[in-house]
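Chemist: For reference, this is work-v1.pdb, and it has PDB, C-alpha atoms, pLDDT in the B column.
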```
ATOM      1  CA  MET A   1       0.000   0.000   0.000  1.00 71.00           C
ATOM      2  CA  PRO A   2       1.258   3.518  -0.749  1.00 78.00           C
ATOM      3  CA  LEU A   3       2.092   5.804   2.152  1.00 82.00           C
ATOM      4  CA  PRO A   4      -1.077   7.715   3.154  1.00 86.00           C
ATOM      5  CA  ALA A   5      -1.088  11.232   1.759  1.00 90.00           C
ATOM      6  CA  SER A   6      -1.513  12.677   5.251  1.00 89.00           C
ATOM      7  CA  TYR A   7       1.913  11.297   6.226  1.00 89.00           C
ATOM      8  CA  ALA A   8       3.606  12.090   2.934  1.00 88.00           C
ATOM      9  CA  ALA A   9       2.641  15.752   3.299  1.00 92.00           C
ATOM     10  CA  MET A  10       4.010  16.160   6.826  1.00 94.00           C
ATOM     11  CA  SER A  11       7.175  18.108   7.547  1.00 95.00           C
ATOM     12  CA  ASP A  12      10.144  16.377   9.173  1.00 93.00           C
ATOM     13  CA  GLU A  13       9.393  18.207  12.407  1.00 95.00           C
ATOM     14  CA  GLU A  14       5.755  17.080  12.448  1.00 96.00           C
ATOM     15  CA  LEU A  15       6.709  13.463  11.676  1.00 95.00           C
ATOM     16  CA  ALA A  16       9.232  13.486  14.513  1.00 96.00           C
ATOM     17  CA  SER A  17       6.616  14.888  16.873  1.00 96.00           C
ATOM     18  CA  ARG A  18       4.064  12.224  15.863  1.00 95.00           C
ATOM     19  CA  ILE A  19       6.560   9.382  16.333  1.00 96.00           C
ATOM     20  CA  THR A  20       7.646  10.723  19.720  1.00 97.00           C
ATOM     21  CA  GLU A  21       4.022  10.927  20.863  1.00 97.00           C
ATOM     22  CA  ARG A  22       3.218   7.391  19.640  1.00 96.00           C
ATOM     23  CA  LYS A  23       6.268   6.059  21.497  1.00 97.00           C
ATOM     24  CA  ARG A  24       5.150   7.825  24.660  1.00 97.00           C
ATOM     25  CA  ARG A  25       1.616   6.430  24.448  1.00 98.00           C
ATOM     26  CA  LEU A  26       2.666   2.846  23.688  1.00 98.00           C
ATOM     27  CA  GLY A  27       5.480   2.821  26.236  1.00 97.00           C
ATOM     28  CA  GLY A  28       6.896  -0.641  26.909  1.00 97.00           C
ATOM     29  CA  ASP A  29       4.474  -2.237  24.428  1.00 98.00           C
ATOM     30  CA  LEU A  30       6.604  -0.878  21.577  1.00 98.00           C
ATOM     31  CA  CYS A  31      10.180  -1.749  20.656  1.00 98.00           C
ATOM     32  CA  ILE A  32      11.792  -0.056  17.643  1.00 98.00           C
ATOM     33  CA  LEU A  33      14.863  -1.716  16.141  1.00 98.00           C
ATOM     34  CA  GLY A  34      17.204   0.361  13.983  1.00 97.00           C
ATOM     35  CA  HIS A  35      19.757  -1.453  11.879  1.00 96.00           C
ATOM     36  CA  HIS A  36      23.237   0.089  11.642  1.00 93.00           C
ATOM     37  CA  TYR A  37      22.609   0.948   7.981  1.00 91.00           C
ATOM     38  CA  GLN A  38      19.552   3.106   8.624  1.00 95.00           C
ATOM     39  CA  ARG A  39      19.616   6.888   8.359  1.00 95.00           C
ATOM     40  CA  ASP A  40      20.077   9.098  11.413  1.00 95.00           C
ATOM     41  CA  GLU A  41      16.433  10.211  11.136  1.00 94.00           C
ATOM     42  CA  ILE A  42      15.367   6.614  11.820  1.00 95.00           C
ATOM     43  CA  VAL A  43      18.079   5.614  14.301  1.00 96.00           C
ATOM     44  CA  ARG A  44      17.191   8.531  16.585  1.00 96.00           C
ATOM     45  CA  PHE A  45      13.923   6.777  17.476  1.00 97.00           C
ATOM     46  CA  ALA A  46      15.360   3.269  17.854  1.00 98.00           C
ATOM     47  CA  ASP A  47      15.358   1.560  21.238  1.00 98.00           C
ATOM     48  CA  PHE A  48      18.216  -0.631  20.039  1.00 98.00           C
ATOM     49  CA  VAL A  49      20.777  -0.170  17.253  1.00 97.00           C
ATOM     50  CA  GLY A  50      23.013  -2.927  15.915  1.00 94.00           C
ATOM     51  CA  ASP A  51      23.290  -5.776  13.439  1.00 93.00           C
ATOM     52  CA  SER A  52      20.247  -7.829  12.534  1.00 92.00           C
ATOM     53  CA  LEU A  53      20.822 -10.885  14.738  1.00 93.00           C
ATOM     54  CA  LYS A  54      21.782  -8.811  17.790  1.00 95.00           C
ATOM     55  CA  LEU A  55      18.643  -6.698  17.365  1.00 97.00           C
ATOM     56  CA  SER A  56      16.430  -9.776  17.027  1.00 96.00           C
ATOM     57  CA  ARG A  57      17.837 -11.253  20.231  1.00 96.00           C
ATOM     58  CA  LEU A  58      17.450  -8.011  22.180  1.00 97.00           C
ATOM     59  CA  ALA A  59      13.839  -7.544  21.059  1.00 97.00           C
ATOM     60  CA  ALA A  60      12.931 -11.106  22.039  1.00 96.00           C
ATOM     61  CA  GLU A  61      14.100 -10.367  25.594  1.00 97.00           C
ATOM     62  CA  THR A  62      11.719  -7.419  25.973  1.00 97.00           C
ATOM     63  CA  SER A  63       8.057  -7.489  27.013  1.00 96.00           C
ATOM     64  CA  ALA A  64       7.073  -5.441  23.948  1.00 98.00           C
ATOM     65  CA  LYS A  65       3.914  -6.493  22.127  1.00 98.00           C
ATOM     66  CA  TYR A  66       4.993  -4.723  18.929  1.00 98.00           C
ATOM     67  CA  ILE A  67       8.476  -4.988  17.454  1.00 98.00           C
ATOM     68  CA  VAL A  68       9.049  -2.550  14.599  1.00 98.00           C
ATOM     69  CA  PHE A  69      12.133  -3.606  12.631  1.00 98.00           C
ATOM     70  CA  CYS A  70      13.620  -0.768  10.592  1.00 97.00           C
ATOM     71  CA  GLY A  71      15.562  -2.974   8.206  1.00 96.00           C
ATOM     72  CA  VAL A  72      14.930  -5.456   5.407  1.00 96.00           C
ATOM     73  CA  HIS A  73      12.736  -8.523   5.050  1.00 96.00           C
ATOM     74  CA  PHE A  74      15.107 -11.259   6.259  1.00 96.00           C
ATOM     75  CA  MET A  75      15.897  -9.198   9.377  1.00 96.00           C
ATOM     76  CA  ALA A  76      12.249  -8.992  10.372  1.00 97.00           C
ATOM     77  CA  GLU A  77      11.928 -12.738   9.737  1.00 97.00           C
ATOM     78  CA  SER A  78      14.819 -13.395  12.128  1.00 96.00           C
ATOM     79  CA  ALA A  79      13.124 -11.302  14.791  1.00 97.00           C
ATOM     80  CA  ASP A  80       9.877 -13.184  14.211  1.00 97.00           C
ATOM     81  CA  VAL A  81      11.638 -16.551  14.599  1.00 95.00           C
ATOM     82  CA  LEU A  82      13.233 -15.534  17.921  1.00 96.00           C
ATOM     83  CA  SER A  83      10.338 -13.559  19.415  1.00 97.00           C
ATOM     84  CA  GLY A  84       7.556 -15.007  21.531  1.00 96.00           C
ATOM     85  CA  PRO A  85       4.013 -15.871  20.380  1.00 96.00           C
ATOM     86  CA  GLN A  86       2.683 -12.815  22.206  1.00 96.00           C
ATOM     87  CA  GLN A  87       4.886 -10.485  20.132  1.00 97.00           C
ATOM     88  CA  ALA A  88       4.121  -9.140  16.650  1.00 98.00           C
ATOM     89  CA  VAL A  89       6.991  -8.167  14.366  1.00 98.00           C
ATOM     90  CA  ILE A  90       6.232  -5.324  11.978  1.00 97.00           C
ATOM     91  CA  LEU A  91       8.272  -4.419   8.900  1.00 96.00           C
ATOM     92  CA  PRO A  92       7.421  -0.821   7.900  1.00 93.00           C
ATOM     93  CA  HIS A  93       8.006  -1.523   4.196  1.00 91.00           C
ATOM     94  CA  LEU A  94       7.174  -5.063   3.102  1.00 89.00           C
ATOM     95  CA  LEU A  95       9.149  -4.670  -0.140  1.00 90.00           C
ATOM     96  CA  ALA A  96      12.355  -3.707   1.684  1.00 93.00           C
ATOM     97  CA  GLY A  97      14.594  -6.523   0.553  1.00 93.00           C
ATOM     98  CA  CYS A  98      18.214  -7.604   0.259  1.00 94.00           C
ATOM     99  CA  THR A  99      19.470  -8.335  -3.254  1.00 94.00           C
ATOM    100  CA  MET A 100      21.916 -10.959  -1.988  1.00 96.00           C
ATOM    101  CA  SER A 101      19.203 -12.778  -0.046  1.00 96.00           C
ATOM    102  CA  ASP A 102      17.027 -12.691  -3.175  1.00 96.00           C
ATOM    103  CA  MET A 103      19.811 -14.449  -5.120  1.00 97.00           C
ATOM    104  CA  ALA A 104      19.113 -17.641  -3.142  1.00 97.00           C
ATOM    105  CA  ASP A 105      15.369 -18.197  -2.908  1.00 94.00           C
ATOM    106  CA  ASP A 106      14.172 -21.350  -1.179  1.00 96.00           C
ATOM    107  CA  SER A 107      13.158 -23.234  -4.326  1.00 96.00           C
ATOM    108  CA  ALA A 108      16.578 -22.642  -5.910  1.00 97.00           C
ATOM    109  CA  VAL A 109      18.349 -23.784  -2.732  1.00 98.00           C
ATOM    110  CA  ALA A 110      16.265 -26.967  -2.512  1.00 97.00           C
ATOM    111  CA  SER A 111      16.853 -27.688  -6.197  1.00 97.00           C
ATOM    112  CA  ALA A 112      20.616 -27.127  -5.859  1.00 97.00           C
ATOM    113  CA  ILE A 113      20.923 -29.509  -2.913  1.00 97.00           C
ATOM    114  CA  ASP A 114      19.028 -32.218  -4.813  1.00 96.00           C
ATOM    115  CA  GLU A 115      21.059 -31.624  -7.963  1.00 96.00           C
ATOM    116  CA  LEU A 116      24.407 -31.819  -6.182  1.00 96.00           C
ATOM    117  CA  ALA A 117      23.335 -35.049  -4.475  1.00 94.00           C
ATOM    118  CA  ARG A 118      22.772 -36.580  -7.920  1.00 93.00           C
ATOM    119  CA  LEU A 119      26.145 -35.375  -9.199  1.00 93.00           C
ATOM    120  CA  THR A 120      28.297 -36.790  -6.391  1.00 94.00           C
ATOM    121  CA  ASP A 121      28.063 -39.347  -3.613  1.00 93.00           C
ATOM    122  CA  ARG A 122      30.236 -37.183  -1.335  1.00 96.00           C
ATOM    123  CA  ARG A 123      28.451 -35.720   1.667  1.00 97.00           C
ATOM    124  CA  ILE A 124      27.671 -32.049   1.059  1.00 98.00           C
ATOM    125  CA  VAL A 125      26.502 -30.001   4.046  1.00 98.00           C
ATOM    126  CA  PRO A 126      24.817 -26.625   3.425  1.00 98.00           C
ATOM    127  CA  VAL A 127      25.821 -23.614   5.531  1.00 98.00           C
ATOM    128  CA  THR A 128      23.565 -20.596   5.054  1.00 98.00           C
ATOM    129  CA  TYR A 129      24.451 -17.047   6.023  1.00 97.00           C
ATOM    130  CA  VAL A 130      22.035 -15.275   8.363  1.00 95.00           C
ATOM    131  CA  ASN A 131      21.422 -12.728   5.571  1.00 94.00           C
ATOM    132  CA  SER A 132      18.986 -15.133   3.911  1.00 96.00           C
ATOM    133  CA  SER A 133      15.286 -15.847   3.970  1.00 96.00           C
ATOM    134  CA  ALA A 134      13.752 -17.927   6.747  1.00 96.00           C
ATOM    135  CA  ALA A 135      12.642 -20.430   4.084  1.00 97.00           C
ATOM    136  CA  ALA A 136      16.230 -20.946   2.874  1.00 97.00           C
ATOM    137  CA  LYS A 137      17.373 -21.371   6.481  1.00 97.00           C
ATOM    138  CA  ALA A 138      14.662 -23.976   7.075  1.00 97.00           C
ATOM    139  CA  ILE A 139      15.788 -26.025   4.065  1.00 97.00           C
ATOM    140  CA  THR A 140      19.361 -25.835   5.345  1.00 98.00           C
ATOM    141  CA  GLY A 141      18.286 -27.220   8.704  1.00 97.00           C
ATOM    142  CA  ARG A 142      16.232 -30.041   7.193  1.00 97.00           C
ATOM    143  CA  CYS A 143      19.303 -31.091   5.188  1.00 96.00           C
ATOM    144  CA  GLY A 144      21.487 -31.348   8.294  1.00 97.00           C
ATOM    145  CA  GLY A 145      23.219 -28.026   7.777  1.00 98.00           C
ATOM    146  CA  ALA A 146      23.497 -24.901   9.886  1.00 98.00           C
ATOM    147  CA  CYS A 147      23.201 -21.137   9.704  1.00 97.00           C
ATOM    148  CA  CYS A 148      26.066 -18.752  10.405  1.00 97.00           C
ATOM    149  CA  THR A 149      26.949 -15.123  10.905  1.00 94.00           C
ATOM    150  CA  SER A 150      29.973 -13.330   9.503  1.00 93.00           C
ATOM    151  CA  SER A 151      31.547 -13.615  12.975  1.00 93.00           C
ATOM    152  CA  ASN A 152      31.131 -17.363  13.498  1.00 96.00           C
ATOM    153  CA  VAL A 153      31.258 -18.663   9.908  1.00 98.00           C
ATOM    154  CA  ARG A 154      34.738 -20.109  10.382  1.00 98.00           C
ATOM    155  CA  ASN A 155      33.584 -22.087  13.413  1.00 98.00           C
ATOM    156  CA  VAL A 156      30.507 -23.332  11.548  1.00 98.00           C
ATOM    157  CA  PHE A 157      32.604 -24.450   8.565  1.00 98.00           C
ATOM    158  CA  ALA A 158      34.928 -26.283  10.968  1.00 98.00           C
ATOM    159  CA  TRP A 159      31.901 -27.947  12.595  1.00 98.00           C
ATOM    160  CA  ALA A 160      30.616 -29.046   9.200  1.00 98.00           C
ATOM    161  CA  PHE A 161      33.891 -30.822   8.375  1.00 98.00           C
ATOM    162  CA  GLU A 162      34.217 -32.402  11.830  1.00 98.00           C
ATOM    163  CA  SER A 163      33.320 -36.103  12.011  1.00 97.00           C
ATOM    164  CA  THR A 164      29.908 -37.047  13.375  1.00 97.00           C
ATOM    165  CA  ASP A 165      31.426 -39.051  16.232  1.00 97.00           C
ATOM    166  CA  ARG A 166      33.053 -35.807  17.410  1.00 97.00           C
ATOM    167  CA  GLY A 167      29.809 -33.813  17.163  1.00 97.00           C
ATOM    168  CA  GLY A 168      30.293 -32.452  13.655  1.00 97.00           C
ATOM    169  CA  ALA A 169      28.298 -32.880  10.462  1.00 98.00           C
ATOM    170  CA  GLY A 170      30.794 -35.210   8.766  1.00 98.00           C
ATOM    171  CA  ALA A 171      30.919 -33.190   5.556  1.00 98.00           C
ATOM    172  CA  ASP A 172      33.197 -33.966   2.646  1.00 98.00           C
ATOM    173  CA  LYS A 173      32.226 -30.617   1.158  1.00 98.00           C
ATOM    174  CA  VAL A 174      30.403 -27.466   2.271  1.00 98.00           C
ATOM    175  CA  LEU A 175      27.795 -25.651   0.190  1.00 98.00           C
ATOM    176  CA  ALA A 176      28.080 -21.993   1.270  1.00 98.00           C
ATOM    177  CA  ILE A 177      24.892 -19.979   0.654  1.00 98.00           C
ATOM    178  CA  PRO A 178      24.474 -17.233  -0.597  1.00 98.00           C
ATOM    179  CA  ASP A 179      27.595 -15.050  -0.194  1.00 97.00           C
ATOM    180  CA  ARG A 180      30.392 -16.237  -2.451  1.00 97.00           C
ATOM    181  CA  ASN A 181      32.810 -13.677  -0.993  1.00 97.00           C
ATOM    182  CA  LEU A 182      32.188 -14.737   2.602  1.00 97.00           C
ATOM    183  CA  GLY A 183      32.748 -18.346   1.562  1.00 98.00           C
ATOM    184  CA  VAL A 184      36.018 -17.935  -0.314  1.00 98.00           C
ATOM    185  CA  ASN A 185      37.539 -15.489   2.173  1.00 97.00           C
ATOM    186  CA  THR A 186      36.752 -17.816   5.079  1.00 98.00           C
ATOM    187  CA  ALA A 187      38.099 -20.841   3.211  1.00 98.00           C
ATOM    188  CA  VAL A 188      41.389 -19.032   2.594  1.00 98.00           C
ATOM    189  CA  ALA A 189      41.537 -17.910   6.243  1.00 98.00           C
ATOM    190  CA  MET A 190      41.182 -21.586   7.240  1.00 98.00           C
ATOM    191  CA  GLY A 191      44.254 -22.533   5.189  1.00 98.00           C
ATOM    192  CA  PHE A 192      42.528 -23.642   1.994  1.00 98.00           C
ATOM    193  CA  SER A 193      43.187 -22.063  -1.389  1.00 96.00           C
ATOM    194  CA  GLU A 194      40.859 -20.618  -3.985  1.00 94.00           C
ATOM    195  CA  THR A 195      41.423 -23.760  -6.057  1.00 95.00           C
ATOM    196  CA  ASP A 196      39.590 -25.651  -3.300  1.00 97.00           C
ATOM    197  CA  CYS A 197      36.485 -23.616  -4.142  1.00 98.00           C
ATOM    198  CA  ALA A 198      34.000 -24.014  -6.984  1.00 98.00           C
ATOM    199  CA  VAL A 199      31.153 -21.633  -7.789  1.00 98.00           C
ATOM    200  CA  TYR A 200      27.614 -22.973  -8.168  1.00 98.00           C
ATOM    201  CA  ASP A 201      25.480 -20.871 -10.538  1.00 98.00           C
ATOM    202  CA  PRO A 202      21.774 -21.639  -9.965  1.00 97.00           C
ATOM    203  CA  GLN A 203      20.993 -20.278 -13.434  1.00 96.00           C
ATOM    204  CA  LEU A 204      23.019 -23.021 -15.189  1.00 97.00           C
ATOM    205  CA  PRO A 205      22.477 -26.782 -15.536  1.00 94.00           C
ATOM    206  CA  SER A 206      24.438 -28.612 -12.819  1.00 95.00           C
ATOM    207  CA  GLY A 207      25.310 -25.185 -11.486  1.00 97.00           C
ATOM    208  CA  GLY A 208      27.823 -24.844 -14.309  1.00 97.00           C
ATOM    209  CA  LEU A 209      30.024 -27.450 -12.617  1.00 95.00           C
ATOM    210  CA  THR A 210      31.720 -30.507 -14.098  1.00 92.00           C
ATOM    211  CA  GLY A 211      32.435 -33.753 -12.277  1.00 90.00           C
ATOM    212  CA  ARG A 212      36.059 -32.706 -11.993  1.00 92.00           C
ATOM    213  CA  ASP A 213      35.045 -29.360 -10.453  1.00 94.00           C
ATOM    214  CA  LEU A 214      33.008 -31.133  -7.784  1.00 94.00           C
ATOM    215  CA  GLU A 215      35.688 -33.711  -7.082  1.00 95.00           C
ATOM    216  CA  ARG A 216      38.402 -31.146  -6.337  1.00 95.00           C
ATOM    217  CA  ALA A 217      36.246 -28.657  -4.426  1.00 97.00           C
ATOM    218  CA  LYS A 218      36.001 -28.618  -0.649  1.00 98.00           C
ATOM    219  CA  PHE A 219      33.792 -25.521  -0.786  1.00 98.00           C
ATOM    220  CA  ILE A 220      30.933 -25.083  -3.241  1.00 98.00           C
ATOM    221  CA  LEU A 221      30.081 -21.389  -3.267  1.00 98.00           C
ATOM    222  CA  TRP A 222      26.674 -20.099  -4.257  1.00 98.00           C
ATOM    223  CA  LYS A 223      26.951 -17.432  -6.942  1.00 98.00           C
ATOM    224  CA  GLY A 224      25.618 -14.625  -4.788  1.00 97.00           C
ATOM    225  CA  TYR A 225      27.057 -11.395  -3.478  1.00 96.00           C
ATOM    226  CA  CYS A 226      26.228  -8.023  -1.960  1.00 94.00           C
ATOM    227  CA  TYR A 227      26.461  -5.450  -4.740  1.00 92.00           C
ATOM    228  CA  VAL A 228      27.445  -2.768  -2.205  1.00 91.00           C
ATOM    229  CA  HIS A 229      30.388  -4.824  -0.961  1.00 90.00           C
ATOM    230  CA  GLN A 230      31.478  -5.332  -4.573  1.00 91.00           C
ATOM    231  CA  ARG A 231      32.027  -1.586  -4.905  1.00 94.00           C
ATOM    232  CA  PHE A 232      34.925  -1.538  -2.438  1.00 94.00           C
ATOM    233  CA  THR A 233      38.432  -1.853  -3.880  1.00 95.00           C
ATOM    234  CA  PRO A 234      41.916  -2.308  -2.335  1.00 95.00           C
ATOM    235  CA  GLN A 235      42.554   1.335  -3.233  1.00 97.00           C
ATOM    236  CA  HIS A 236      39.663   2.405  -1.001  1.00 96.00           C
ATOM    237  CA  VAL A 237      41.216   0.537   1.931  1.00 94.00           C
ATOM    238  CA  GLN A 238      44.656   1.980   1.263  1.00 95.00           C
ATOM    239  CA  GLU A 239      43.255   5.517   1.095  1.00 97.00           C
ATOM    240  CA  ALA A 240      41.348   5.036   4.367  1.00 96.00           C
ATOM    241  CA  ARG A 241      44.532   3.840   6.063  1.00 96.00           C
ATOM    242  CA  ARG A 242      46.476   6.797   4.664  1.00 97.00           C
ATOM    243  CA  ARG A 243      43.920   9.247   6.039  1.00 97.00           C
ATOM    244  CA  HIS A 244      43.603   7.496   9.400  1.00 97.00           C
ATOM    245  CA  PRO A 245      46.962   5.941  10.328  1.00 96.00           C
ATOM    246  CA  GLY A 246      46.791   3.259  13.001  1.00 93.00           C
ATOM    247  CA  SER A 247      43.102   2.535  12.472  1.00 88.00           C
ATOM    248  CA  ARG A 248      41.934  -1.094  12.477  1.00 82.00           C
TER     249      ARG A 248
END
```
What do you get writing this file as structure tokens?
Modeler:
Amino acid sequence: MPLPASYAAMSDEELASRITERKRRLGGDLCILGHHYQRDEIVRFADFVGDSLKLSRLAAETSAKYIVFCGVHFMAESADVLSGPQQAVILPHLLAGCTMSDMADDSAVASAIDELARLTDRRIVPVTYVNSSAAAKAITGRCGGACCTSSNVRNVFAWAFESTDRGGAGADKVLAIPDRNLGVNTAVAMGFSETDCAVYDPQLPSGGLTGRDLERAKFILWKGYCYVHQRFTPQHVQEARRRHPGSR
């Protein structure tokens, strides 16, 4: 639905006043979550600011009846998964999406897992990044895989390769969904090389992979990425370090 004309015509000052008054009236029944990437005009009203998983956990610990997630679709889904049955999660704009998450819809993920199982008898365990739809996460879980964040992905990959008698998933190979960059960078950090990785393209038959590709690969990387992250170059990093010596 389009934004009501009465709101669209309001000045910034009047909008701020309305939001402040609504927050006052609802009190503890309302919890507003502001993702790091939101504008200052939104963050100023947030009860919590942070990354998506942290925000979802914090909201679930409150007694709020209404959780307003100022972020994108998969973030609100995460909050809905972790919140209680007495809490309603509200996404202000239902079409607010993540292009990377959209690159791995649930039907494509299910199809890929089935297809890879037909191409090799090696055990492939899916690991899905938290920046994905709840449906893709559910398929991952049903297939014996796990979800990860950018902070714990290395630990989750290590768990996947660990033998089942030691509490791991006993994987011969990991299917990393949907962020190709997160997958290859983590593989290299774990001591593997880029030659241990193969890219699965859901738009191509067999993902564009040959039997030889699958045999050599320890990591099968979904062909997905964040287009914003792709815009950064080594020169950007070097310039930032030049301007701010000693920064991490």
Chemist: Here's the selection I'm unsure about, the PyMOL selection byres ((chain A and resi 78) around 9); applied to the file above, which residues does it give, as a list in words?
Modeler: Ser52, Leu53, Ser56, Arg57, His73, Phe74, Met75, Ala76, Glu77, Ala79, Asp80, Val81, Leu82, Ser83, Val130, Ser133 and Ala134 of chain A
Chemist: Which residues, named as in the file, does the PyMOL selection byres ((chain A and resi 37) around 10) pick out? Answer as a PyMOL selection string.
Modeler: chain A and resi 34-36+38-40+42-43+49-51+70-71
Chemist: Please provide as an MDAnalysis selection string all residues within 10 Å of stretch 176-184 of chain A, with the sequence filter that same-chain residues fewer than 6 positions apart are discarded (counting only C-alpha atoms).
Modeler: chainID A and resid 100:105 109 125:132 136:137 140 147:150 153:154 157 190 192:200 219:226 229:230
Chemist: Work out where the centre of an axis-aligned box around every listed atom of stretch 159-163 of chain A lies and how long its edges are once 5 Å is added on each side; give both in Å to one decimal as AutoDock Vina command-line options.
Modeler:
```
--center_x 32.4 --center_y -32.0 --center_z 10.5 --size_x 13.6 --size_y 18.2 --size_z 14.2
```
Chemist: Name the residues captured by the PyMOL selection byres ((chain A and resi 207-209) around 10) when it is applied to the shown file; answer as a ChimeraX atom specification.
Modeler: /A:112,115-116,119,198-206,210-214,220,222-223
Chemist: Just how far from atom CA of A:Ser107 is atom CA of A:Gly144, in Å to one decimal?
Modeler: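 Separating atom CA of A:Gly144 from atom CA of A:Ser107 is a distance of 17.2 Å.
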Chemist: Given all atoms listed in the file as the basis, pick out the residue of A:Asp106, A:Arg123, A:Arg25, A:Ala135 nearest to A:Thr164.
Modeler: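 Nearest candidate to A:Thr164 out of A:Asp106, A:Arg123, A:Arg25, A:Ala135: A:Arg123.
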Chemist: Go ahead and compute the interatomic distance for atom CA of A:Ala8 and atom CA of A:Val89, in Å to one decimal.
Modeler: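 Those two atoms sit 23.5 Å apart.
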Chemist: Tell me, in Å to one decimal, how far atom CA of A:Ser63 is from atom CA of A:Asp29.
Modeler: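 Pair atom CA of A:Ser63 / atom CA of A:Asp29 returns 6.9 Å.
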Chemist: Residues at most 9 Å from A:Gly28, counting all atoms listed in the file, excluding those fewer than 5 positions away in the same chain, as a PDB file with C-alpha atoms, in the frame of the given file?
Modeler:
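Just written: selection22.pdb:
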```pdb
ATOM      1  CA  LYS A  23       6.268   6.059  21.497  1.00 97.00           C
ATOM      2  CA  THR A  62      11.719  -7.419  25.973  1.00 97.00           C
ATOM      3  CA  SER A  63       8.057  -7.489  27.013  1.00 96.00           C
ATOM      4  CA  ALA A  64       7.073  -5.441  23.948  1.00 98.00           C
ATOM      5  CA  LYS A  65       3.914  -6.493  22.127  1.00 98.00           C
TER       6      LYS A  65
END
```
Chemist: Quick one: everything within 8 Å of A:Val72, counting only C-alpha atoms, minus sequence neighbours fewer than 3 positions away in the same chain. Send it as number ranges by chain.
Modeler: A: 69, 75-76, 91, 96-98
Chemist: Convert the current residue selection to file output with C-alpha atoms, as a short mmCIF file (atom, residue, chain, number, x, y, z; two decimals), keeping the file's coordinate frame.
Modeler:
```
data_model
loop_
_atom_site.label_atom_id
_atom_site.label_comp_id
_atom_site.auth_asym_id
_atom_site.auth_seq_id
_atom_site.Cartn_x
_atom_site.Cartn_y
_atom_site.Cartn_z
CA PHE A 69 12.13 -3.61 12.63
CA MET A 75 15.90 -9.20 9.38
CA ALA A 76 12.25 -8.99 10.37
CA LEU A 91 8.27 -4.42 8.90
CA ALA A 96 12.36 -3.71 1.68
CA GLY A 97 14.59 -6.52 0.55
CA CYS A 98 18.21 -7.60 0.26
#
```
Chemist: Using all atoms listed in the file, determine which residues lie at most 7 Å from A:Cys31, disregarding the query and same-chain residues fewer than 5 positions distant; provide the list as a PyMOL selection string.
Modeler: chain A and resi 47+59+64+66-68
